[in-house]
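**Q** My file is entry_11.cif. It has mmCIF, C-alpha atoms:
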data_model
loop_
_atom_site.label_atom_id
_atom_site.label_comp_id
_atom_site.auth_asym_id
_atom_site.auth_seq_id
_atom_site.Cartn_x
_atom_site.Cartn_y
_atom_site.Cartn_z
CA MET I 1 -10.02 12.49 -6.80
CA ARG I 2 -9.33 14.54 -9.91
CA VAL I 3 -8.48 11.58 -12.10
CA ALA I 4 -9.08 11.41 -15.83
CA GLN I 5 -8.15 7.76 -16.28
CA THR I 6 -7.62 4.54 -14.40
CA ARG I 7 -4.24 3.43 -13.11
CA ARG I 8 -3.98 0.82 -15.89
CA GLN I 9 -4.80 3.38 -18.59
CA PHE I 10 -2.25 5.73 -17.12
CA LEU I 11 0.41 3.04 -17.31
CA GLN I 12 -0.41 2.25 -20.92
CA THR I 13 -0.08 5.88 -21.98
CA SER I 14 2.95 6.62 -19.82
CA VAL I 15 5.33 3.75 -20.55
CA ALA I 16 7.07 5.52 -23.42
CA ALA I 17 7.79 8.56 -21.30
CA MET I 18 8.93 6.46 -18.39
CA VAL I 19 11.32 4.46 -20.53
CA ALA I 20 13.10 7.65 -21.46
CA SER I 21 13.75 8.31 -17.81
CA SER I 22 14.00 4.71 -16.66
CA LEU I 23 15.82 3.84 -13.49
CA SER I 24 15.56 7.44 -12.30
CA SER I 25 14.67 8.00 -8.68
CA CYS I 26 11.65 10.20 -9.30
CA GLY I 27 8.21 8.72 -8.68
CA TRP I 28 4.95 9.06 -10.57
CA THR I 29 1.34 9.66 -9.65
CA LEU I 30 -2.01 9.30 -11.30
CA ALA I 31 -3.01 11.96 -13.81
CA GLU I 32 -4.49 15.03 -12.15
CA VAL I 33 -3.91 13.62 -8.67
CA LYS I 34 -2.34 16.17 -6.36
CA THR I 35 0.62 15.38 -4.17
CA THR I 36 0.30 18.44 -1.95
CA PRO I 37 -2.50 18.96 0.55
CA ASN I 38 -5.59 20.99 -0.22
CA THR I 39 -6.08 24.12 1.83
CA GLN I 40 -9.63 24.95 0.68
CA VAL I 41 -12.72 22.91 1.45
CA SER I 42 -16.29 22.93 0.17
CA SER I 43 -19.49 21.45 1.57
CA ASP I 44 -20.25 19.67 -1.71
CA THR I 45 -16.73 18.25 -2.03
CA LEU I 46 -15.09 15.41 -0.13
CA TYR I 47 -11.32 15.65 0.24
CA ILE I 48 -9.46 12.41 0.88
CA TYR I 49 -5.80 11.51 1.38
CA THR I 50 -4.99 8.10 -0.03
CA TRP I 51 -2.60 5.75 -1.78
CA ALA I 52 -2.27 6.00 -5.56
CA GLY I 53 -4.52 3.55 -7.39
CA TYR I 54 -7.25 3.22 -4.76
CA THR I 55 -9.92 4.92 -6.87
CA ASP I 56 -10.76 5.35 -10.53
CA GLN I 57 -13.08 7.60 -12.48
CA ASP I 58 -15.91 5.06 -12.63
CA LEU I 59 -15.93 4.87 -8.85
CA LEU I 60 -15.95 8.62 -8.43
CA ASN I 61 -18.72 9.06 -10.98
CA ARG I 62 -20.93 6.53 -9.22
CA PHE I 63 -20.33 8.14 -5.81
CA ARG I 64 -21.30 11.51 -7.20
CA GLU I 65 -24.43 10.05 -8.79
CA GLU I 66 -25.47 8.50 -5.47
CA THR I 67 -24.59 11.40 -3.17
CA GLY I 68 -24.14 14.53 -5.27
CA LEU I 69 -20.66 14.92 -3.77
CA LYS I 70 -17.47 15.46 -5.71
CA VAL I 71 -14.32 13.73 -4.49
CA VAL I 72 -10.85 15.26 -4.66
CA ALA I 73 -7.87 13.21 -3.53
CA ASP I 74 -4.27 13.85 -2.69
CA VAL I 75 -1.91 10.86 -2.73
CA PHE I 76 0.97 9.75 -0.53
CA ASP I 77 3.53 6.98 -1.05
CA SER I 78 4.30 6.11 2.57
CA ASN I 79 2.57 6.27 5.93
CA GLU I 80 5.41 8.33 7.36
CA ALA I 81 5.15 10.94 4.60
CA MET I 82 1.41 11.13 5.18
CA LEU I 83 1.77 11.64 8.93
CA ALA I 84 4.50 14.23 8.50
CA ARG I 85 2.31 16.23 6.14
CA LEU I 86 -0.63 16.10 8.51
CA GLN I 87 1.51 17.23 11.43
CA ALA I 88 2.90 20.06 9.32
CA GLY I 89 -0.55 21.59 9.06
CA GLY I 90 -2.41 19.54 6.48
CA ALA I 91 -4.72 17.63 8.83
CA GLY I 92 -7.62 20.07 8.47
CA ALA I 93 -7.80 19.59 4.71
CA TYR I 94 -9.14 16.02 4.67
CA SER I 95 -12.25 14.19 5.78
CA VAL I 96 -11.03 10.65 4.99
CA ILE I 97 -7.45 9.35 5.23
CA TYR I 98 -6.13 5.88 4.31
CA PRO I 99 -3.46 4.86 6.87
CA SER I 100 -2.11 1.33 7.20
CA GLU I 101 -2.78 -0.67 10.34
CA TYR I 102 0.24 0.37 12.42
CA MET I 103 -0.27 4.00 11.52
CA VAL I 104 -3.87 3.80 12.77
CA GLN I 105 -2.45 2.91 16.18
CA LYS I 106 0.03 5.76 16.06
CA MET I 107 -2.48 8.36 14.86
CA ALA I 108 -4.99 7.27 17.50
CA ALA I 109 -2.34 7.56 20.21
CA LEU I 110 -1.51 11.06 18.96
CA GLY I 111 -5.16 12.06 19.25
CA LEU I 112 -5.55 12.69 15.52
CA LEU I 113 -8.54 10.42 14.84
CA THR I 114 -12.28 10.63 15.41
CA GLU I 115 -13.81 7.70 17.27
CA LEU I 116 -16.27 6.35 14.74
CA ASP I 117 -20.01 6.35 15.38
CA ARG I 118 -20.61 2.76 14.30
CA SER I 119 -24.39 3.34 14.23
CA LEU I 120 -23.77 5.49 11.14
CA LEU I 121 -21.86 2.73 9.32
CA VAL I 122 -23.60 0.11 7.22
CA GLY I 123 -21.94 -3.18 6.29
CA LEU I 124 -19.43 -3.73 9.08
CA GLU I 125 -21.05 -7.08 9.80
CA ASP I 126 -20.17 -8.17 6.24
CA LEU I 127 -16.43 -8.04 6.93
CA PHE I 128 -14.45 -11.21 7.53
CA PRO I 129 -14.25 -11.86 11.31
CA GLN I 130 -10.54 -10.97 11.56
CA PHE I 131 -11.33 -7.48 10.25
CA GLN I 132 -14.26 -6.83 12.60
CA ASP I 133 -12.08 -6.78 15.70
CA PRO I 134 -8.50 -6.25 14.47
CA GLY I 135 -5.56 -6.25 16.85
CA TYR I 136 -4.37 -2.86 15.61
CA ASP I 137 -7.76 -1.26 16.39
CA PRO I 138 -9.81 -3.36 18.83
CA GLY I 139 -13.50 -3.08 18.12
CA GLY I 140 -12.84 -0.92 15.06
CA ARG I 141 -13.06 2.24 17.15
CA PHE I 142 -11.14 4.44 14.73
CA SER I 143 -10.87 2.67 11.38
CA VAL I 144 -12.61 0.63 8.70
CA PRO I 145 -10.47 -1.70 6.56
CA ILE I 146 -10.45 -1.14 2.82
CA SER I 147 -7.82 -3.61 1.57
CA TRP I 148 -5.17 -6.06 2.67
CA GLY I 149 -2.27 -8.00 1.26
CA THR I 150 1.37 -8.98 1.52
CA THR I 151 4.70 -7.44 0.56
CA GLY I 152 7.09 -9.34 -1.66
CA LEU I 153 9.11 -9.39 -4.86
CA ILE I 154 7.93 -9.14 -8.45
CA PHE I 155 10.23 -10.36 -11.21
CA ASN I 156 10.42 -11.74 -14.73
CA PRO I 157 11.92 -15.25 -14.64
CA LYS I 158 12.90 -14.91 -18.30
CA THR I 159 15.42 -12.20 -17.40
CA LEU I 160 16.99 -14.04 -14.44
CA LYS I 161 19.20 -17.11 -14.25
CA THR I 162 17.44 -18.18 -11.06
CA SER I 163 14.20 -16.95 -9.51
CA PRO I 164 14.10 -15.34 -6.07
CA GLN I 165 12.74 -17.32 -3.15
CA ASP I 166 13.73 -15.04 -0.31
CA TRP I 167 14.95 -11.53 0.46
CA ASP I 168 18.58 -12.68 0.50
CA TYR I 169 18.37 -13.17 -3.27
CA LEU I 170 19.09 -9.44 -3.66
CA TRP I 171 22.34 -9.70 -1.71
CA GLN I 172 23.42 -12.97 -3.29
CA ASN I 173 22.90 -11.52 -6.78
CA GLN I 174 23.92 -7.96 -6.08
CA GLU I 175 26.30 -7.66 -9.05
CA PRO I 176 24.05 -8.99 -11.86
CA LEU I 177 21.10 -7.06 -10.40
CA SER I 178 23.01 -3.81 -9.95
CA LYS I 179 20.78 -0.81 -10.69
CA ARG I 180 18.08 -3.15 -12.01
CA PHE I 181 16.00 -3.52 -8.86
CA THR I 182 14.09 -1.21 -6.53
CA LEU I 183 12.99 -1.27 -2.91
CA LEU I 184 9.89 0.39 -1.51
CA ASN I 185 10.10 3.96 -0.30
CA ASP I 186 8.97 2.77 3.12
CA VAL I 187 11.24 2.56 6.15
CA ARG I 188 9.24 -0.08 8.01
CA GLU I 189 8.84 -2.35 4.99
CA VAL I 190 12.47 -2.19 3.86
CA MET I 191 13.96 -2.43 7.34
CA GLY I 192 11.37 -5.03 8.29
CA ALA I 193 12.13 -7.27 5.33
CA THR I 194 15.84 -7.11 6.11
CA LEU I 195 15.15 -7.91 9.74
CA ARG I 196 13.10 -10.97 8.75
CA MET I 197 15.90 -12.11 6.46
CA LEU I 198 18.20 -11.96 9.50
CA GLY I 199 15.75 -14.01 11.54
CA TYR I 200 14.27 -11.11 13.53
CA SER I 201 10.82 -9.58 13.76
CA TYR I 202 9.53 -6.98 11.33
CA ASN I 203 8.83 -4.99 14.50
CA ALA I 204 12.21 -5.39 16.17
CA THR I 205 13.02 -2.83 18.86
CA ASP I 206 16.45 -4.14 19.83
CA PRO I 207 18.94 -1.45 18.69
CA ASN I 208 21.53 -4.10 17.82
CA GLN I 209 19.11 -5.97 15.54
CA ILE I 210 18.05 -2.75 13.83
CA ARG I 211 21.70 -1.78 13.34
CA GLN I 212 22.44 -5.14 11.74
CA ALA I 213 19.60 -4.62 9.27
CA TYR I 214 20.86 -1.13 8.47
CA GLU I 215 24.39 -2.40 7.85
CA LYS I 216 23.07 -5.08 5.48
CA LEU I 217 21.20 -2.40 3.54
CA VAL I 218 24.27 -0.15 3.42
CA ALA I 219 26.14 -3.01 1.75
CA LEU I 220 23.30 -3.37 -0.77
CA ARG I 221 22.81 0.37 -1.37
CA PRO I 222 25.23 0.78 -4.33
CA ALA I 223 23.18 -1.73 -6.35
CA ILE I 224 19.72 -0.29 -5.60
CA ALA I 225 18.25 1.65 -8.52
CA SER I 226 15.88 3.62 -6.29
CA PHE I 227 13.53 3.53 -3.33
CA SER I 228 10.17 3.68 -5.03
CA THR I 229 6.60 2.83 -4.17
CA ASP I 230 5.24 3.73 -7.61
CA SER I 231 7.72 4.41 -10.41
CA TRP I 232 8.95 0.81 -10.66
CA ARG I 233 5.73 -0.32 -12.33
CA PRO I 234 6.15 0.84 -15.94
CA GLN I 235 9.88 0.02 -15.71
CA MET I 236 9.01 -3.52 -14.69
CA ILE I 237 6.50 -3.94 -17.51
CA VAL I 238 9.00 -3.03 -20.22
CA GLY I 239 11.90 -4.94 -18.66
CA ASP I 240 14.14 -2.10 -17.49
CA LEU I 241 13.97 -3.58 -14.00
CA PHE I 242 14.63 -7.21 -13.14
CA VAL I 243 13.14 -7.26 -9.63
CA ALA I 244 11.07 -4.88 -7.53
CA MET I 245 9.94 -4.98 -3.93
CA CYS I 246 6.22 -4.27 -3.99
CA TYR I 247 2.80 -4.71 -2.48
CA SER I 248 0.76 -7.71 -3.63
CA SER I 249 -2.07 -5.51 -4.89
CA ASP I 250 0.30 -3.68 -7.23
CA ALA I 251 1.85 -6.97 -8.37
CA ALA I 252 -1.58 -8.40 -9.24
CA GLU I 253 -2.38 -5.38 -11.35
CA ILE I 254 0.96 -5.22 -13.14
CA MET I 255 0.97 -8.92 -13.97
CA GLU I 256 -2.05 -8.28 -16.16
CA GLU I 257 0.12 -5.96 -18.24
CA ASN I 258 2.96 -8.48 -18.65
CA GLU I 259 2.02 -12.15 -18.35
CA ASP I 260 5.68 -13.14 -17.85
CA LEU I 261 5.88 -11.44 -14.45
CA ARG I 262 5.69 -13.42 -11.21
CA TYR I 263 5.20 -12.44 -7.56
CA ILE I 264 6.46 -14.24 -4.46
CA THR I 265 6.27 -13.69 -0.72
CA PRO I 266 9.77 -14.52 0.60
CA ASP I 267 10.30 -17.75 2.50
CA SER I 268 11.71 -16.08 5.61
CA GLY I 269 8.53 -14.05 5.99
CA SER I 270 7.02 -10.75 5.02
CA SER I 271 4.48 -8.20 6.15
CA LEU I 272 0.74 -8.78 6.17
CA TRP I 273 -0.68 -5.31 5.78
CA THR I 274 -4.12 -3.75 6.01
CA ASP I 275 -5.03 -0.33 4.66
CA THR I 276 -7.91 1.46 6.31
CA MET I 277 -10.20 4.47 6.14
CA VAL I 278 -10.25 6.90 9.08
CA ILE I 279 -11.85 10.25 9.83
CA PRO I 280 -9.44 12.81 11.34
CA LYS I 281 -10.64 14.89 14.27
CA SER I 282 -10.18 17.99 12.14
CA ALA I 283 -12.29 16.63 9.24
CA PRO I 284 -14.04 19.54 7.51
CA ASN I 285 -16.90 17.35 6.22
CA PRO I 286 -17.49 14.34 8.51
CA ASP I 287 -20.98 13.70 7.12
CA ALA I 288 -19.51 13.20 3.67
CA ALA I 289 -16.79 11.01 5.19
CA TYR I 290 -19.40 8.59 6.57
CA LYS I 291 -21.12 8.53 3.17
CA TRP I 292 -17.82 7.62 1.49
CA ILE I 293 -17.02 4.85 3.94
CA ASN I 294 -20.53 3.38 3.62
CA PHE I 295 -20.24 3.59 -0.15
CA MET I 296 -16.94 1.69 -0.06
CA LEU I 297 -18.46 -0.95 2.24
CA GLN I 298 -21.13 -1.87 -0.31
CA PRO I 299 -20.34 -5.44 -1.48
CA ASP I 300 -20.92 -4.66 -5.15
CA ILE I 301 -18.62 -1.65 -4.98
CA ALA I 302 -15.91 -3.58 -3.13
CA ALA I 303 -16.14 -6.49 -5.59
CA THR I 304 -15.83 -4.31 -8.67
CA LEU I 305 -12.77 -2.61 -7.16
CA VAL I 306 -11.08 -5.98 -6.73
CA GLU I 307 -11.74 -6.68 -10.39
CA ARG I 308 -10.72 -3.24 -11.69
CA LEU I 309 -7.98 -2.11 -9.29
CA LYS I 310 -6.73 -5.48 -8.04
CA PHE I 311 -6.58 -5.16 -4.28
CA ALA I 312 -7.91 -7.78 -1.88
CA THR I 313 -11.14 -6.94 -0.11
CA PRO I 314 -11.82 -7.54 3.61
CA SER I 315 -15.54 -7.90 2.77
CA ARG I 316 -16.83 -11.49 2.90
CA LEU I 317 -19.84 -10.66 0.73
CA ALA I 318 -17.67 -8.89 -1.83
CA TYR I 319 -15.28 -11.85 -1.92
CA GLU I 320 -18.17 -14.22 -2.55
CA ARG I 321 -19.23 -12.11 -5.56
CA LEU I 322 -15.85 -12.46 -7.26
CA PRO I 323 -15.26 -14.82 -10.17
CA GLU I 324 -13.51 -18.03 -9.19
CA PHE I 325 -10.20 -17.14 -10.83
CA LEU I 326 -9.89 -14.05 -8.62
CA ARG I 327 -10.91 -15.87 -5.44
CA ASN I 328 -8.20 -18.42 -6.20
CA ASP I 329 -5.52 -15.88 -7.12
CA PRO I 330 -2.69 -16.49 -4.59
CA THR I 331 -1.23 -13.04 -5.15
CA LEU I 332 -4.47 -11.34 -4.08
CA PHE I 333 -5.63 -13.92 -1.56
CA PRO I 334 -2.56 -15.78 -0.27
CA PRO I 335 -2.85 -19.29 1.16
CA GLU I 336 -2.66 -19.94 4.89
CA SER I 337 0.97 -21.06 4.57
CA VAL I 338 1.94 -17.57 3.41
CA ILE I 339 -0.19 -15.82 6.02
CA ALA I 340 1.35 -17.99 8.75
CA ARG I 341 4.86 -16.73 7.98
CA SER I 342 3.80 -13.12 7.56
CA GLU I 343 3.71 -10.47 10.25
CA ALA I 344 1.63 -7.34 10.69
CA ILE I 345 3.62 -4.15 11.15
CA SER I 346 3.02 -2.51 14.52
CA PRO I 347 4.33 0.64 16.24
CA VAL I 348 7.84 0.29 17.69
CA GLY I 349 7.70 3.09 20.27
CA LYS I 350 10.96 4.85 20.99
CA ALA I 351 12.74 2.64 18.44
CA THR I 352 11.02 4.73 15.76
CA GLU I 353 13.80 7.30 16.16
CA ILE I 354 16.41 4.64 15.41
CA TYR I 355 14.57 3.48 12.28
CA GLU I 356 14.15 7.04 11.04
CA ARG I 357 17.78 7.97 11.66
CA TYR I 358 19.07 4.95 9.77
CA TRP I 359 16.54 5.51 6.98
CA THR I 360 17.65 9.10 6.50
CA GLN I 361 21.26 7.98 6.29
CA LEU I 362 20.38 5.18 3.87
CA THR I 363 18.31 7.25 1.47
CA SER I 364 20.31 10.48 1.55
#
Would you put the structure from the file into structure tokens?

**A**
Amino acid sequence: MRVAQTRRQFLQTSVAAMVASSLSSCGWTLAEVKTTPNTQVSSDTLYIYTWAGYTDQDLLNRFREETGLKVVADVFDSNEAMLARLQAGGAGAYSVIYPSEYMVQKMAALGLLTELDRSLLVGLEDLFPQFQDPGYDPGGRFSVPISWGTTGLIFNPKTLKTSPQDWDYLWQNQEPLSKRFTLLNDVREVMGATLRMLGYSYNATDPNQIRQAYEKLVALRPAIASFSTDSWRPQMIVGDLFVAMCYSSDAAEIMEENEDLRYITPDSGSSLWTDTMVIPKSAPNPDAAYKWINFMLQPDIAATLVERLKFATPSRLAYERLPEFLRNDPTLFPPESVIARSEAISPVGKATEIYERYWTQLTS
């Protein structure tokens, strides 16, 4: 990844500029990180396609010291955007891609992924048991987990009369929150959260249930500042936003910047997500891809990434290396009560067309 600074450093140097354009709908990315796919490859360079904030310069420097390989990364802000770009001709540019669990299933079904040679991977036995044989990828045939977490709401209780406990808080407080909150730029997360609020599954396939969720969101749409996976962060730090829908890993990182911020997983339930590393069938440098995955599986590497970049690790040995305050951080490592009311996103088959049609209408 061509990154000159960490995500936290980027935030610190970018807040002033973001304030000037606060509440705009445009997103942001890490410095020097490309948002369009590479079309050239090199044997001494590893090209990856990932979420913003999943690497920093220290990580890349160490990988290059150990392997002699340079890493260049492009970033995406939703699984759907990633898949669309790959299907539009970008698949041959990357050797490692970071899809979430349900997208692993979809990409495997589409024949886009290499079945991993597990004899070339070191450290799989160090993963927590639930990640060694995950439901979305039995036996880990196509993917290796890199992080996991929940989706919820981040807010500053000092700016609100009451604190949110559930998704319906946004509807109940639509007027005072108008243009001061954001939702993720992710169809399955936004529709899924609304479905859970209505008492349905995140993975509903009933057209009537999906329509009800869409109609609820249409009613909320005039008050939404933007659909954003990234740009809410500096706005939240400085107080231009009151509430943001976000991933727990991002919340944990941002709360270090503003100690007044709080994160909750809504009472009616949320998503329990896992991000993974896969090797596409068209990978130009599969040998380098295996080196990267093995590097990321090293317990000391995984542990330092939890500390620096604030995302939960699926590695048992890495978790055991963490300081106690991080192991006990409920935002990073939620209690069983939160996990029990959370739901993993899974493919919805033909209902995907319904979700996408409503999402296009909602975000147009």

**Q** Can you translate the PyMOL selection byres ((chain I and resi 175) around 12) into the concrete residues it hits in this file, as a list in words?

**A**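 Expected selection for the PyMOL selection byres ((chain I and resi 175) around 12) here is Tyr169, Leu170, Trp171, Gln172, Asn173, Gln174, Pro176, Leu177, Ser178, Lys179, Arg180, Phe181, Ala219, Leu220, Arg221, Pro222, Ala223 and Ile224 of chain I.
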
**Q** So that I can check the surroundings of Val122 (chain I), please list as a ChimeraX atom specification every protein, DNA and RNA residue that reaches within 12 Å of it, counting all atoms listed in the file and ignoring chain neighbours fewer than 4 positions away.

**A** /I:117-118,126-127,144,290-299

**Q** Identify the residues around (-14.2, 6.3, 5.4) within a radius of 12 Å, measuring from only C-alpha atoms in the coordinates stated by the file, and give them as a PDB file with C-alpha atoms, in the coordinates of the input.

**A**
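Result file is result26.pdb:
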ATOM      1  CA  LEU I  46     -15.090  15.410  -0.130  1.00  0.00           C
ATOM      2  CA  TYR I  47     -11.320  15.650   0.240  1.00  0.00           C
ATOM      3  CA  ILE I  48      -9.460  12.410   0.880  1.00  0.00           C
ATOM      4  CA  TYR I  49      -5.800  11.510   1.380  1.00  0.00           C
ATOM      5  CA  THR I  50      -4.990   8.100  -0.030  1.00  0.00           C
ATOM      6  CA  TYR I  94      -9.140  16.020   4.670  1.00  0.00           C
ATOM      7  CA  SER I  95     -12.250  14.190   5.780  1.00  0.00           C
ATOM      8  CA  VAL I  96     -11.030  10.650   4.990  1.00  0.00           C
ATOM      9  CA  ILE I  97      -7.450   9.350   5.230  1.00  0.00           C
ATOM     10  CA  TYR I  98      -6.130   5.880   4.310  1.00  0.00           C
ATOM     11  CA  PRO I  99      -3.460   4.860   6.870  1.00  0.00           C
ATOM     12  CA  LEU I 113      -8.540  10.420  14.840  1.00  0.00           C
ATOM     13  CA  THR I 114     -12.280  10.630  15.410  1.00  0.00           C
ATOM     14  CA  GLU I 115     -13.810   7.700  17.270  1.00  0.00           C
ATOM     15  CA  LEU I 116     -16.270   6.350  14.740  1.00  0.00           C
ATOM     16  CA  ASP I 117     -20.010   6.350  15.380  1.00  0.00           C
ATOM     17  CA  ARG I 118     -20.610   2.760  14.300  1.00  0.00           C
ATOM     18  CA  LEU I 120     -23.770   5.490  11.140  1.00  0.00           C
ATOM     19  CA  LEU I 121     -21.860   2.730   9.320  1.00  0.00           C
ATOM     20  CA  VAL I 122     -23.600   0.110   7.220  1.00  0.00           C
ATOM     21  CA  LEU I 124     -19.430  -3.730   9.080  1.00  0.00           C
ATOM     22  CA  PHE I 142     -11.140   4.440  14.730  1.00  0.00           C
ATOM     23  CA  SER I 143     -10.870   2.670  11.380  1.00  0.00           C
ATOM     24  CA  VAL I 144     -12.610   0.630   8.700  1.00  0.00           C
ATOM     25  CA  PRO I 145     -10.470  -1.700   6.560  1.00  0.00           C
ATOM     26  CA  ILE I 146     -10.450  -1.140   2.820  1.00  0.00           C
ATOM     27  CA  ASP I 275      -5.030  -0.330   4.660  1.00  0.00           C
ATOM     28  CA  THR I 276      -7.910   1.460   6.310  1.00  0.00           C
ATOM     29  CA  MET I 277     -10.200   4.470   6.140  1.00  0.00           C
ATOM     30  CA  VAL I 278     -10.250   6.900   9.080  1.00  0.00           C
ATOM     31  CA  ILE I 279     -11.850  10.250   9.830  1.00  0.00           C
ATOM     32  CA  PRO I 280      -9.440  12.810  11.340  1.00  0.00           C
ATOM     33  CA  ALA I 283     -12.290  16.630   9.240  1.00  0.00           C
ATOM     34  CA  ASN I 285     -16.900  17.350   6.220  1.00  0.00           C
ATOM     35  CA  PRO I 286     -17.490  14.340   8.510  1.00  0.00           C
ATOM     36  CA  ASP I 287     -20.980  13.700   7.120  1.00  0.00           C
ATOM     37  CA  ALA I 288     -19.510  13.200   3.670  1.00  0.00           C
ATOM     38  CA  ALA I 289     -16.790  11.010   5.190  1.00  0.00           C
ATOM     39  CA  TYR I 290     -19.400   8.590   6.570  1.00  0.00           C
ATOM     40  CA  LYS I 291     -21.120   8.530   3.170  1.00  0.00           C
ATOM     41  CA  TRP I 292     -17.820   7.620   1.490  1.00  0.00           C
ATOM     42  CA  ILE I 293     -17.020   4.850   3.940  1.00  0.00           C
ATOM     43  CA  ASN I 294     -20.530   3.380   3.620  1.00  0.00           C
ATOM     44  CA  PHE I 295     -20.240   3.590  -0.150  1.00  0.00           C
ATOM     45  CA  MET I 296     -16.940   1.690  -0.060  1.00  0.00           C
ATOM     46  CA  LEU I 297     -18.460  -0.950   2.240  1.00  0.00           C
TER      47      LEU I 297
END

**Q** Near Glu259 (chain I), within 10 Å and counting all atoms listed in the file, which residues show up once chain neighbours fewer than 5 positions away are dropped, as a list of chain:residue names?

**A**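 The neighbour list is I:Asn156, I:Ile237, I:Ile254.
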
**Q** Please report the interatomic distance between CA of Leu195 (chain I) and CA of Phe242 (chain I) in Å with one decimal.

**A**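 CA of Phe242 (chain I) lies 22.9 Å from CA of Leu195 (chain I).
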